[in-house]
$ cat target_19.cif   # mmCIF, C-alpha atoms
data_entry
loop_
_atom_site.label_atom_id
_atom_site.label_comp_id
_atom_site.auth_asym_id
_atom_site.auth_seq_id
_atom_site.Cartn_x
_atom_site.Cartn_y
_atom_site.Cartn_z
CA MET A 22 -54.22 54.09 -25.63
CA LEU A 23 -57.01 56.61 -24.85
CA LYS A 24 -58.46 56.03 -28.31
CA LYS A 25 -58.61 52.25 -27.71
CA SER A 26 -60.29 52.70 -24.30
CA SER A 27 -62.89 55.01 -25.90
CA LEU A 28 -63.73 52.34 -28.50
CA VAL A 29 -64.41 49.81 -25.75
CA ALA A 30 -66.67 52.27 -23.91
CA TRP A 31 -68.46 53.14 -27.16
CA GLY A 32 -69.14 49.43 -27.86
CA ALA A 33 -70.67 48.97 -24.39
CA ALA A 34 -72.85 52.05 -24.83
CA LEU A 35 -74.00 50.77 -28.23
CA PHE A 36 -75.04 47.49 -26.62
CA VAL A 37 -77.21 49.23 -24.01
CA ALA A 38 -78.76 51.57 -26.59
CA TRP A 39 -79.57 48.67 -28.92
CA ASN A 40 -81.48 46.85 -26.15
CA GLY A 41 -83.45 49.98 -25.37
CA LEU A 42 -84.47 50.46 -29.00
CA LEU A 43 -85.42 46.77 -29.27
CA LEU A 44 -87.80 46.97 -26.32
CA LEU A 45 -89.36 50.17 -27.65
CA PHE A 46 -89.83 48.55 -31.09
CA LEU A 47 -91.42 45.42 -29.74
CA TRP A 48 -93.92 47.21 -27.50
CA SER A 49 -94.92 49.76 -30.12
CA ARG A 50 -95.72 47.34 -32.98
CA PRO A 51 -99.44 47.43 -34.18
CA PRO A 52 -101.67 44.42 -33.37
CA SER A 53 -102.23 41.80 -36.12
CA PRO A 54 -105.82 41.20 -37.57
CA ILE A 55 -106.18 37.68 -36.17
CA PRO A 56 -108.74 36.39 -33.62
CA ALA A 57 -107.92 37.36 -30.06
CA GLY A 58 -106.78 33.95 -28.75
CA SER A 59 -104.80 32.95 -31.78
CA ARG A 60 -103.50 36.48 -32.22
CA LEU A 61 -102.06 36.52 -28.70
CA THR A 62 -100.32 33.17 -29.19
CA ALA A 63 -98.90 34.12 -32.59
CA GLU A 64 -97.74 37.47 -31.26
CA VAL A 65 -95.88 35.87 -28.36
CA VAL A 66 -94.18 33.37 -30.72
CA ARG A 67 -93.19 36.10 -33.17
CA LEU A 68 -91.86 38.30 -30.39
CA ALA A 69 -89.81 35.42 -29.01
CA GLN A 70 -88.35 34.66 -32.47
CA ASP A 71 -87.48 38.29 -33.07
CA ALA A 72 -85.96 38.59 -29.61
CA GLU A 73 -83.87 35.44 -30.21
CA LYS A 74 -82.46 36.88 -33.46
CA GLU A 75 -81.61 40.20 -31.87
CA LEU A 76 -80.04 38.55 -28.84
CA GLY A 77 -77.83 36.49 -31.19
CA LYS A 78 -76.64 39.68 -32.87
CA GLN A 79 -76.01 41.29 -29.48
CA GLN A 80 -74.06 38.23 -28.30
CA GLU A 81 -71.78 38.43 -31.36
CA LEU A 82 -71.30 42.16 -30.73
CA LEU A 83 -70.32 41.47 -27.12
CA LYS A 84 -67.82 38.81 -28.23
CA GLN A 85 -66.18 41.32 -30.60
CA ILE A 86 -65.98 43.91 -27.82
CA GLN A 87 -64.41 41.37 -25.45
CA ARG A 88 -62.00 40.12 -28.12
CA TYR A 89 -60.69 43.57 -29.02
CA SER A 90 -60.58 44.58 -25.37
CA GLY A 91 -58.37 41.54 -24.66
CA VAL A 92 -56.06 42.32 -27.56
CA TRP A 93 -55.66 45.93 -26.49
CA GLY A 94 -55.10 44.87 -22.90
CA GLU A 95 -52.40 42.40 -23.95
CA ARG A 96 -50.69 45.12 -26.01
CA ARG A 97 -50.80 47.45 -23.05
CA ARG A 98 -49.28 44.81 -20.74
CA ARG A 99 -46.57 44.00 -23.31
CA LYS A 100 -45.56 47.66 -23.59
CA GLN A 101 -45.45 48.02 -19.82
CA LYS A 102 -43.24 44.90 -19.59
CA GLN A 103 -40.89 46.22 -22.29
CA ARG A 104 -40.43 49.42 -20.33
CA LYS A 105 -39.16 47.35 -17.38
CA LEU A 106 -36.79 45.15 -19.39
CA PRO A 107 -33.11 46.15 -19.58
CA SER A 108 -32.35 47.93 -22.84
CA THR A 109 -29.08 48.71 -24.61
CA PRO A 110 -26.40 50.28 -22.43
CA LYS A 111 -27.13 53.85 -21.40
CA PRO A 112 -24.80 56.57 -22.61
CA SER A 113 -21.96 57.22 -20.22
CA PRO A 114 -21.61 60.61 -18.54
CA PRO A 115 -18.63 62.58 -19.82
CA LEU A 116 -15.31 61.78 -18.18
CA PRO A 117 -13.58 64.57 -16.28
CA ALA A 118 -11.42 66.80 -18.47
CA THR A 119 -8.60 66.61 -15.93
CA PRO A 120 -7.16 63.61 -14.10
CA GLY A 121 -8.74 62.63 -10.84
CA ASP A 122 -10.47 59.81 -9.04
CA ALA A 123 -11.64 57.23 -11.58
CA SER A 124 -13.58 55.17 -9.03
CA GLY A 125 -16.92 56.31 -10.43
CA ALA A 126 -16.03 56.35 -14.14
CA VAL A 127 -18.05 54.06 -16.40
CA ILE A 128 -15.72 51.89 -18.52
CA PRO A 129 -17.53 49.32 -20.69
CA VAL A 130 -15.78 46.13 -21.70
CA LEU A 131 -16.29 45.42 -25.41
CA VAL A 132 -15.90 41.71 -26.19
CA LEU A 133 -15.35 40.93 -29.89
CA ALA A 134 -16.85 37.54 -30.74
CA CYS A 135 -17.42 35.49 -33.87
CA ASP A 136 -17.82 31.71 -34.03
CA ARG A 137 -16.18 30.53 -30.80
CA SER A 138 -18.74 29.12 -28.38
CA THR A 139 -15.82 29.08 -25.91
CA VAL A 140 -16.55 32.79 -25.46
CA LYS A 141 -18.24 31.42 -22.33
CA ARG A 142 -14.82 31.01 -20.70
CA CYS A 143 -14.02 34.66 -21.39
CA LEU A 144 -17.39 35.94 -20.16
CA ASP A 145 -17.42 33.77 -17.04
CA LYS A 146 -14.10 35.24 -15.88
CA LEU A 147 -15.11 38.80 -16.68
CA LEU A 148 -18.37 38.42 -14.75
CA SER A 149 -16.74 36.67 -11.80
CA TYR A 150 -14.10 39.40 -11.35
CA ARG A 151 -16.23 42.42 -12.27
CA PRO A 152 -16.59 44.64 -9.17
CA SER A 153 -19.58 46.62 -10.44
CA GLU A 154 -22.11 46.01 -13.20
CA LYS A 155 -22.86 49.72 -13.34
CA ARG A 156 -19.24 50.87 -13.73
CA PHE A 157 -18.16 48.04 -16.05
CA PRO A 158 -21.04 47.10 -18.39
CA LEU A 159 -20.27 44.19 -20.73
CA ILE A 160 -21.04 44.56 -24.44
CA VAL A 161 -20.54 41.50 -26.64
CA SER A 162 -20.34 42.34 -30.33
CA GLN A 163 -20.76 39.26 -32.51
CA ASP A 164 -19.76 38.89 -36.14
CA CYS A 165 -20.20 35.78 -38.36
CA GLY A 166 -23.81 35.02 -37.39
CA HIS A 167 -22.77 31.73 -35.72
CA ALA A 168 -25.92 30.32 -34.09
CA GLU A 169 -24.29 28.31 -31.28
CA THR A 170 -22.10 31.25 -30.23
CA ALA A 171 -25.15 33.54 -30.30
CA ARG A 172 -27.01 31.08 -28.08
CA VAL A 173 -24.15 31.03 -25.55
CA ILE A 174 -24.03 34.84 -25.43
CA SER A 175 -27.82 35.13 -25.11
CA SER A 176 -27.80 32.67 -22.20
CA TYR A 177 -26.28 35.41 -20.01
CA GLY A 178 -29.48 37.46 -20.29
CA SER A 179 -29.26 41.01 -19.01
CA SER A 180 -25.75 40.47 -17.60
CA VAL A 181 -24.36 41.37 -21.02
CA ALA A 182 -25.58 43.46 -23.94
CA HIS A 183 -25.50 41.36 -27.12
CA ILE A 184 -25.10 43.34 -30.34
CA GLN A 185 -24.58 41.77 -33.76
CA GLN A 186 -22.65 43.04 -36.75
CA PRO A 187 -25.29 43.53 -39.48
CA ASP A 188 -22.94 43.21 -42.48
CA LEU A 189 -22.05 39.55 -42.97
CA SER A 190 -21.15 39.88 -46.64
CA GLU A 191 -17.77 38.94 -48.04
CA PRO A 192 -15.59 42.08 -48.00
CA PRO A 193 -13.71 43.06 -51.18
CA VAL A 194 -10.19 41.63 -51.02
CA PRO A 195 -7.29 42.16 -53.42
CA PRO A 196 -6.42 38.95 -55.33
CA GLU A 197 -3.08 38.64 -53.55
CA HIS A 198 -4.86 38.74 -50.15
CA ARG A 199 -7.53 36.10 -50.74
CA LYS A 200 -6.06 33.84 -48.06
CA PHE A 201 -6.21 36.78 -45.62
CA GLN A 202 -9.94 37.42 -46.01
CA GLY A 203 -10.48 36.76 -42.30
CA TYR A 204 -8.32 39.77 -41.42
CA TYR A 205 -10.57 41.99 -43.56
CA LYS A 206 -13.66 40.76 -41.69
CA ILE A 207 -11.99 41.37 -38.32
CA ALA A 208 -11.04 44.95 -39.22
CA ARG A 209 -14.58 45.64 -40.45
CA HIS A 210 -16.03 44.21 -37.24
CA TYR A 211 -13.70 46.27 -35.05
CA ARG A 212 -14.71 49.45 -36.83
CA TRP A 213 -18.43 48.72 -36.49
CA ALA A 214 -18.22 47.61 -32.84
CA LEU A 215 -16.08 50.55 -31.70
CA GLY A 216 -18.45 52.83 -33.58
CA GLN A 217 -21.36 51.41 -31.57
CA VAL A 218 -19.54 51.94 -28.27
CA PHE A 219 -18.42 55.52 -28.96
CA ARG A 220 -21.07 56.81 -31.40
CA VAL A 221 -24.29 55.02 -30.39
CA PHE A 222 -23.80 54.28 -26.69
CA ARG A 223 -21.60 57.39 -26.37
CA TYR A 224 -19.13 56.04 -23.84
CA ARG A 225 -15.99 58.10 -23.26
CA ALA A 226 -13.60 55.17 -22.75
CA ALA A 227 -13.67 51.42 -23.39
CA ILE A 228 -11.69 48.24 -22.74
CA VAL A 229 -11.43 45.99 -25.81
CA VAL A 230 -11.18 42.21 -25.31
CA GLU A 231 -11.40 39.35 -27.80
CA ASP A 232 -13.40 36.21 -27.21
CA ASP A 233 -10.37 33.97 -26.64
CA LEU A 234 -8.93 35.90 -23.69
CA GLU A 235 -9.07 34.98 -20.01
CA VAL A 236 -8.57 37.84 -17.54
CA ALA A 237 -6.74 38.12 -14.21
CA PRO A 238 -8.37 38.79 -10.82
CA ASP A 239 -7.20 42.44 -10.82
CA PHE A 240 -8.05 43.11 -14.49
CA PHE A 241 -10.66 45.77 -13.67
CA GLU A 242 -8.60 47.27 -10.85
CA TYR A 243 -5.66 47.72 -13.24
CA PHE A 244 -7.64 49.58 -15.89
CA GLN A 245 -9.51 51.70 -13.39
CA ALA A 246 -6.22 52.87 -11.88
CA ALA A 247 -4.57 53.50 -15.26
CA LEU A 248 -7.44 55.51 -16.75
CA PRO A 249 -6.35 58.85 -15.22
CA LEU A 250 -2.97 58.45 -16.94
CA LEU A 251 -4.70 58.57 -20.32
CA TRP A 252 -6.58 61.70 -19.30
CA SER A 253 -3.49 63.52 -18.15
CA ASP A 254 -0.63 62.41 -20.40
CA PRO A 255 -1.05 63.04 -24.17
CA SER A 256 2.09 60.99 -24.83
CA LEU A 257 0.05 57.88 -23.92
CA TRP A 258 -2.59 56.49 -26.27
CA CYS A 259 -3.52 53.16 -24.69
CA VAL A 260 -3.24 50.94 -21.63
CA SER A 261 -2.72 47.24 -22.35
CA ALA A 262 -3.10 44.18 -20.15
CA TRP A 263 -0.52 42.27 -22.21
CA ASN A 264 3.24 41.71 -22.05
CA ASP A 265 4.49 40.24 -25.34
CA ASN A 266 7.48 38.75 -23.49
CA GLY A 267 5.38 37.64 -20.54
CA LYS A 268 6.39 33.98 -20.45
CA GLU A 269 6.72 32.72 -16.89
CA GLN A 270 10.51 32.40 -17.00
CA LEU A 271 10.88 35.95 -18.40
CA VAL A 272 8.91 37.86 -15.72
CA ASP A 273 9.19 38.52 -12.01
CA ALA A 274 5.88 37.12 -10.76
CA ALA A 275 6.64 38.44 -7.27
CA ARG A 276 6.65 42.00 -8.66
CA ALA A 277 3.22 41.90 -10.29
CA GLU A 278 2.70 45.58 -9.45
CA LEU A 279 5.42 46.67 -11.91
CA LEU A 280 4.18 48.65 -14.91
CA TYR A 281 6.10 50.01 -17.90
CA ARG A 282 5.71 52.32 -20.84
CA THR A 283 6.08 50.68 -24.26
CA ASP A 284 6.27 52.07 -27.78
CA PHE A 285 4.91 48.78 -29.14
CA PHE A 286 1.11 48.54 -29.38
CA PRO A 287 0.35 45.27 -27.52
CA GLY A 288 -3.45 44.91 -27.89
CA LEU A 289 -4.91 41.75 -26.30
CA GLY A 290 -7.01 43.60 -23.73
CA TRP A 291 -6.55 47.36 -24.05
CA LEU A 292 -8.10 50.62 -22.96
CA LEU A 293 -8.65 53.62 -25.21
CA LEU A 294 -10.45 56.95 -24.99
CA ALA A 295 -13.19 58.19 -27.33
CA GLU A 296 -10.84 60.96 -28.47
CA LEU A 297 -8.48 58.36 -29.92
CA TRP A 298 -11.36 56.76 -31.82
CA ASP A 299 -12.25 60.19 -33.22
CA GLU A 300 -8.73 60.24 -34.65
CA LEU A 301 -8.55 56.65 -35.92
CA GLU A 302 -12.05 56.00 -37.27
CA PRO A 303 -11.84 58.16 -40.43
CA LYS A 304 -8.71 56.31 -41.60
CA TRP A 305 -9.41 52.84 -40.17
CA PRO A 306 -7.79 50.16 -42.38
CA ALA A 307 -9.53 47.45 -44.39
CA ALA A 308 -7.36 44.73 -42.81
CA PHE A 309 -4.48 44.01 -40.40
CA TRP A 310 -5.68 46.71 -38.00
CA ASP A 311 -3.19 45.88 -35.21
CA ASP A 312 -0.09 46.15 -37.41
CA TRP A 313 -1.59 49.34 -38.88
CA MET A 314 -1.74 50.73 -35.32
CA ARG A 315 2.00 50.10 -34.99
CA ARG A 316 2.96 52.30 -37.92
CA PRO A 317 4.64 55.65 -37.14
CA GLU A 318 1.82 57.69 -38.71
CA GLN A 319 -0.69 56.19 -36.26
CA ARG A 320 1.53 55.90 -33.19
CA ARG A 321 2.89 59.43 -33.56
CA ASP A 322 5.57 58.85 -30.90
CA ARG A 323 2.98 57.88 -28.32
CA SER A 324 3.28 54.96 -25.92
CA CYS A 325 1.10 52.47 -24.08
CA VAL A 326 1.24 51.26 -20.49
CA ARG A 327 1.86 47.54 -20.11
CA PRO A 328 2.38 45.26 -17.06
CA GLU A 329 5.32 43.10 -15.98
CA VAL A 330 2.88 40.18 -15.59
CA SER A 331 0.04 39.96 -18.11
CA ARG A 332 -3.54 40.52 -16.99
CA THR A 333 -4.84 38.50 -19.94
CA MET A 334 -3.92 35.19 -21.52
CA THR A 335 -5.14 33.69 -24.78
CA PHE A 336 -6.60 30.20 -25.07
CA GLY A 337 -7.56 30.53 -28.75
CA ARG A 338 -5.00 28.59 -30.74
CA LYS A 339 -7.24 28.32 -33.79
CA GLY A 340 -8.12 31.53 -35.61
CA VAL A 341 -7.36 33.55 -38.70
CA SER A 342 -3.65 33.49 -37.80
CA HIS A 343 -3.70 29.64 -37.78
CA GLY A 344 -1.87 29.47 -34.47
CA GLN A 345 0.98 31.78 -35.46
CA PHE A 346 3.22 32.30 -32.39
CA PHE A 347 0.78 30.35 -30.17
CA ASP A 348 2.78 27.14 -29.68
CA GLN A 349 6.08 28.97 -29.34
CA TYR A 350 5.07 31.96 -27.19
CA LEU A 351 1.43 32.66 -26.44
CA LYS A 352 0.48 29.51 -24.59
CA PHE A 353 3.36 30.10 -22.15
CA ILE A 354 2.27 33.61 -21.11
CA LYS A 355 2.02 33.91 -17.34
CA LEU A 356 -1.40 35.17 -16.20
CA ASN A 357 -1.26 37.15 -12.97
CA ASP A 358 -2.96 35.21 -10.19
CA ARG A 359 -2.94 37.65 -7.29
CA PHE A 360 -4.82 40.89 -6.73
CA VAL A 361 -2.76 44.09 -6.80
CA PRO A 362 -4.60 47.16 -5.37
CA PHE A 363 -3.51 49.48 -8.20
CA THR A 364 -6.01 52.19 -7.28
CA GLN A 365 -4.15 52.63 -3.98
CA LEU A 366 -0.74 52.98 -5.67
CA ASP A 367 0.92 56.12 -7.03
CA LEU A 368 1.29 55.57 -10.79
CA SER A 369 2.57 59.06 -11.59
CA TYR A 370 6.02 57.55 -12.29
CA LEU A 371 4.59 56.40 -15.64
CA LYS A 372 4.14 59.95 -16.92
CA LYS A 373 6.63 60.60 -19.67
CA ASP A 374 9.05 63.07 -18.06
CA ALA A 375 9.23 61.22 -14.74
CA TYR A 376 9.52 57.83 -16.44
CA GLU A 377 12.36 58.78 -18.76
CA ARG A 378 14.36 60.25 -15.92
CA SER A 379 14.05 57.17 -13.74
CA PHE A 380 13.89 54.35 -16.29
CA LEU A 381 16.69 55.52 -18.58
CA SER A 382 18.92 56.17 -15.58
CA LEU A 383 18.18 52.68 -14.29
CA VAL A 384 18.95 51.05 -17.63
CA TYR A 385 22.16 52.86 -18.52
CA SER A 386 23.60 52.75 -15.02
CA ALA A 387 23.33 48.94 -15.06
CA PRO A 388 26.64 47.22 -15.85
CA GLU A 389 26.97 46.00 -19.43
CA VAL A 390 27.56 42.27 -19.95
CA LYS A 391 28.08 39.99 -22.94
CA LEU A 392 25.65 37.23 -23.90
CA GLU A 393 28.22 34.54 -23.01
CA GLU A 394 28.70 36.02 -19.55
CA LEU A 395 24.96 36.18 -18.97
CA GLN A 396 24.27 32.65 -20.18
CA GLY A 397 27.25 31.16 -18.36
CA GLY A 398 26.68 33.03 -15.12
CA LEU A 399 30.19 34.49 -15.39
CA SER A 400 29.28 38.11 -14.67
CA ARG A 401 30.44 39.39 -11.29
CA ALA A 402 27.77 42.08 -11.32
CA THR A 403 24.88 41.70 -8.94
CA GLY A 404 21.41 42.99 -9.61
CA ALA A 405 20.23 44.24 -12.99
CA VAL A 406 22.51 44.13 -16.04
CA ARG A 407 22.45 45.57 -19.55
CA LEU A 408 22.94 43.66 -22.77
CA GLN A 409 23.65 46.04 -25.66
CA TYR A 410 22.78 45.51 -29.33
CA GLN A 411 24.08 47.53 -32.29
CA GLY A 412 21.59 46.95 -35.10
CA ARG A 413 18.67 44.91 -36.36
CA ASP A 414 20.58 41.65 -36.84
CA SER A 415 22.26 42.04 -33.47
CA PHE A 416 18.91 42.58 -31.76
CA LYS A 417 17.26 39.60 -33.43
CA ALA A 418 20.16 37.26 -32.62
CA LEU A 419 20.21 38.26 -28.94
CA ALA A 420 16.41 38.14 -28.60
CA LYS A 421 16.25 34.67 -30.12
CA ALA A 422 19.06 33.39 -27.90
CA LEU A 423 17.25 34.64 -24.78
CA GLY A 424 13.79 33.35 -25.70
CA LEU A 425 12.29 36.76 -26.47
CA MET A 426 10.02 37.54 -29.41
CA ASP A 427 12.44 38.79 -32.04
CA ASP A 428 10.12 40.34 -34.63
CA LEU A 429 9.89 44.11 -35.05
CA LYS A 430 7.04 46.26 -36.36
CA SER A 431 8.08 49.53 -37.99
CA GLY A 432 11.40 49.02 -36.22
CA VAL A 433 9.85 48.74 -32.74
CA PRO A 434 10.62 45.60 -30.68
CA ARG A 435 7.81 43.96 -28.76
CA ALA A 436 7.43 45.43 -25.26
CA GLY A 437 10.20 47.91 -26.07
CA TYR A 438 10.51 51.52 -24.92
CA ARG A 439 13.10 53.69 -26.69
CA GLY A 440 14.43 50.43 -28.07
CA ILE A 441 14.85 48.89 -24.58
CA VAL A 442 13.28 45.55 -23.68
CA SER A 443 13.10 44.69 -19.97
CA PHE A 444 12.83 41.04 -18.93
CA VAL A 445 14.10 38.46 -16.41
CA TYR A 446 16.72 35.87 -17.31
CA ARG A 447 17.48 33.12 -14.78
CA GLY A 448 16.14 35.27 -11.98
CA ARG A 449 18.08 38.41 -12.95
CA ARG A 450 16.70 41.63 -14.42
CA VAL A 451 18.15 42.25 -17.87
CA TYR A 452 17.78 45.25 -20.17
CA LEU A 453 18.31 44.49 -23.85
CA ALA A 454 19.14 48.01 -24.98
CA PRO A 455 20.61 50.06 -27.85
CA PRO A 456 23.57 52.39 -27.20
CA PRO A 457 22.89 55.44 -24.99
CA ASP A 458 22.98 57.72 -28.06
CA TRP A 459 20.05 55.84 -29.61
CA PRO A 460 18.94 57.73 -32.76
CA GLY A 461 15.34 56.53 -32.80
CA TYR A 462 13.42 53.72 -34.49
CA ASP A 463 14.31 52.73 -38.03
CA PRO A 464 11.16 51.47 -39.85
CA SER A 465 13.37 49.55 -42.29
CA TRP A 466 14.16 47.11 -39.49
CA SER A 467 10.71 45.50 -39.90
#
$ encode --input "target_19.cif" --output "structure tokens"
Amino acid sequence: MLKKSSLVAWGAALFVAWNGLLLLFLWSRPPSPIPAGSRLTAEVVRLAQDAEKELGKQQELLKQIQRYSGVWGERRRRKQKQRKLPSTPKPSPPLPATPGDASGAVIPVLVLACDRSTVKRCLDKLLSYRPSEKRFPLIVSQDCGHAETARVISSYGSSVAHIQQPDLSEPPVPPEHRKFQGYYKIARHYRWALGQVFRVFRYRAAIVVEDDLEVAPDFFEYFQAALPLLWSDPSLWCVSAWNDNGKEQLVDAARAELLYRTDFFPGLGWLLLAELWDELEPKWPAAFWDDWMRRPEQRRDRSCVRPEVSRTMTFGRKGVSHGQFFDQYLKFIKLNDRFVPFTQLDLSYLKKDAYERSFLSLVYSAPEVKLEELQGGLSRATGAVRLQYQGRDSFKALAKALGLMDDLKSGVPRAGYRGIVSFVYRGRRVYLAPPPDWPGYDPSWS
């Protein structure tokens, strides 16, 4: 900048010096051998012509000085404006090494988007419920290069940071997986986007949301309150906003503050720490990342926290899964509609030792009933009851009869903890549970 200013000053000085030399030249020229009268007239004409030529050159020089001065000034103003514009999210300060008050922790929300312009519905809810832009920055990572979706995201301006997956090529897919190519693109996008959050922006925790999710009013409150659990309990590896069996008739909407541990990775709005990404990134799969997360070698006997009433719901029927489970289960998920002040509640009961003492006692002290008794209202027991299964086929038959999701991943039932699935049936709390001497999950049940 100093060099450019010096050039402008030098041009002005050159202009003044040139005029001085011109005057000196004109006055010092020798007289012409022509008669006095004619000589005077000719000399005046010649001087005027010479002066006109020199003034033309000086005018062009001045125009060049003004032109370059304007260009440099515009560049200077542009740089100053860029300094004032919001840039990419700033790196987050390190999270405390020990559990404590999470009220000041920075937890970005990473929204994975592709070609759904309806991402607007997701972003509108996130922005309307977000309590603090500083503590919950929104990062939208877009794959696919879809122009209309990009326009929708960009319309939010500085309210969100819009990053775009640079690799839009077709990923290599085994011949038998050609119809699953979309799952390979999703896994690649997840890896890139999470890498940006934890490696480039250097955040220490993040909430992951997909573009077809709508969030509840206490979505941010829930994750803020649950964050210290991840810091303090190594037996937990995520906090999820989703209940796989969260259909309205299967939950107690009046007890929206209830939280559980689950051995099943739910996804669909989940919180993880940077330390978990350090572990997962080197072995991240080429496809089917969520089922990969549910394998024993990734889960490593760790659990997630999940709510009684979901804090997210999906409105995206169309996608790579072609609506799998949507019409039967997903569109009936109850989205919590009232604010629970989780940060004012004591959530220490979710730590492993305390939870197993209280939850297992609650489950196995409940009277056991048969399916026919439960469905026919014949049980004399009041309060919670237990329905016991003996094996894979027994579990699947009971789950299907009660309207639960009956699929298992690596032997783990959806929303299950130590094989136990808690739900509500006709207004009564029911625990679908294995025998008390449960031997552990059997991956062959998948």
$ resolve_selection --input "target_19.cif" --expression "the PyMOL selection byres ((chain A and resi 156-165) around 8)" --output "PyMOL selection string"
chain A and resi 110+125-136+151-155+166-167+171+174+180-187+189+210+214
$ closest_residue --input "target_19.cif" --among "A:Ala307, A:Leu293, A:Ala387, A:Gly437" --to "Gln202 of chain A" --atoms "all atoms listed in the file"
A:Ala307
$ atom_distance --input "target_19.cif" --atom1 "atom CA of Phe240 of chain A" --atom2 "atom CA of Val445 of chain A"
22.7 Å
$ resolve_selection --input "target_19.cif" --expression "the PyMOL selection byres ((chain A and resi 277) around 10)" --output "PyMOL selection string"
chain A and resi 272-276+278-280+328-332+357-361
$ resolve_selection --input "target_19.cif" --expression "the PyMOL selection byres ((chain A and resi 251-258) around 8)" --output "list of chain:residue names"
A:Ala118, A:Thr119, A:Pro120, A:Ala247, A:Leu248, A:Pro249, A:Leu250, A:Cys259, A:Val260, A:Leu293, A:Leu294, A:Leu297, A:Asp322, A:Arg323, A:Ser324, A:Cys325, A:Val326, A:Lys372, A:Lys373
$ atom_distance --input "target_19.cif" --atom1 "atom CA of Glu235 of chain A" --atom2 "atom CA of Phe336 of chain A"
7.4 Å
$ atom_distance --input "target_19.cif" --atom1 "atom CA of Leu371 of chain A" --atom2 "atom CA of Ala246 of chain A"
12.0 Å
$ residues_around --input "target_19.cif" --residues "Leu383 of chain A" --least-positions-apart "3" --cutoff "10 Å" --atoms "all atoms listed in the file" --output "PDB file with C-alpha atoms, in the frame of the given file"
ATOM      1  CA  GLU A 377      12.360  58.780 -18.760  1.00  0.00           C
ATOM      2  CA  ARG A 378      14.360  60.250 -15.920  1.00  0.00           C
ATOM      3  CA  SER A 379      14.050  57.170 -13.740  1.00  0.00           C
ATOM      4  CA  PHE A 380      13.890  54.350 -16.290  1.00  0.00           C
ATOM      5  CA  SER A 386      23.600  52.750 -15.020  1.00  0.00           C
ATOM      6  CA  ALA A 387      23.330  48.940 -15.060  1.00  0.00           C
ATOM      7  CA  ALA A 405      20.230  44.240 -12.990  1.00  0.00           C
ATOM      8  CA  VAL A 406      22.510  44.130 -16.040  1.00  0.00           C
ATOM      9  CA  ARG A 407      22.450  45.570 -19.550  1.00  0.00           C
ATOM     10  CA  TYR A 452      17.780  45.250 -20.170  1.00  0.00           C
TER      11      TYR A 452
END
$ closest_residue --input "target_19.cif" --among "A:Arg212, A:Lys146, A:Arg321, A:Lys141" --to "Lys304 of chain A" --atoms "only C-alpha atoms"
A:Arg212
$ closest_residue --input "target_19.cif" --among "A:Thr335, A:Ser431, A:Gln411, A:Ser467" --to "Asp284 of chain A" --atoms "all atoms listed in the file"
A:Ser431
$ closest_residue --input "target_19.cif" --among "A:Trp263, A:Tyr150, A:Phe353, A:Tyr385" --to "Thr283 of chain A" --atoms "only C-alpha atoms"
A:Trp263
$ residues_near_point --input "target_19.cif" --point "(-8.8, 50.7, -37.5)" --cutoff "12 Å" --atoms "only C-alpha atoms" --output "ChimeraX atom specification"
/A:204-216,297-316,319
$ closest_residue --input "target_19.cif" --among "A:Leu408, A:Ser149, A:Asp232, A:Phe346" --to "Glu394 of chain A" --atoms "only C-alpha atoms"
A:Leu408
$ residues_around --input "target_19.cif" --residues "Tyr410 of chain A" --least-positions-apart "4" --cutoff "7 Å" --atoms "only C-alpha atoms" --output "list in words"
Ser415, Phe416, Ala454 and Pro455 of chain A
$ closest_residue --input "target_19.cif" --among "A:Phe241, A:Tyr350, A:Phe285, A:Trp466" --to "Lys421 of chain A" --atoms "all atoms listed in the file"
A:Tyr350
$ axis_aligned_box --input "target_19.cif" --around "segment 151-165 of chain A" --padding-each-side "5 Å" --output "JSON"
{"center_x": -19.5, "center_y": 43.3, "center_z": -23.8, "size_x": 16.6, "size_y": 25.1, "size_z": 39.2}
$ build_atoms --input "target_19.cif" --residues "segment 414-418 of chain A" --atoms "N, CA, C and O atoms" --output "PDB file, in the coordinates of the input"
ATOM      1  N   ASP A 414      20.136  43.040 -36.915  1.00  0.00           N
ATOM      2  CA  ASP A 414      20.580  41.650 -36.840  1.00  0.00           C
ATOM      3  C   ASP A 414      21.090  41.297 -35.451  1.00  0.00           C
ATOM      4  O   ASP A 414      20.858  40.187 -34.954  1.00  0.00           O
ATOM      5  N   SER A 415      21.758  42.256 -34.832  1.00  0.00           N
ATOM      6  CA  SER A 415      22.260  42.040 -33.470  1.00  0.00           C
ATOM      7  C   SER A 415      21.089  41.862 -32.502  1.00  0.00           C
ATOM      8  O   SER A 415      21.105  40.949 -31.652  1.00  0.00           O
ATOM      9  N   PHE A 416      20.078  42.700 -32.642  1.00  0.00           N
ATOM     10  CA  PHE A 416      18.910  42.580 -31.760  1.00  0.00           C
ATOM     11  C   PHE A 416      18.248  41.228 -31.928  1.00  0.00           C
ATOM     12  O   PHE A 416      17.941  40.530 -30.950  1.00  0.00           O
ATOM     13  N   LYS A 417      17.986  40.840 -33.183  1.00  0.00           N
ATOM     14  CA  LYS A 417      17.260  39.600 -33.430  1.00  0.00           C
ATOM     15  C   LYS A 417      18.030  38.388 -32.925  1.00  0.00           C
ATOM     16  O   LYS A 417      17.432  37.453 -32.368  1.00  0.00           O
ATOM     17  N   ALA A 418      19.350  38.398 -33.084  1.00  0.00           N
ATOM     18  CA  ALA A 418      20.160  37.260 -32.620  1.00  0.00           C
ATOM     19  C   ALA A 418      20.118  37.141 -31.099  1.00  0.00           C
ATOM     20  O   ALA A 418      19.958  36.042 -30.547  1.00  0.00           O
TER      21      ALA A 418
END
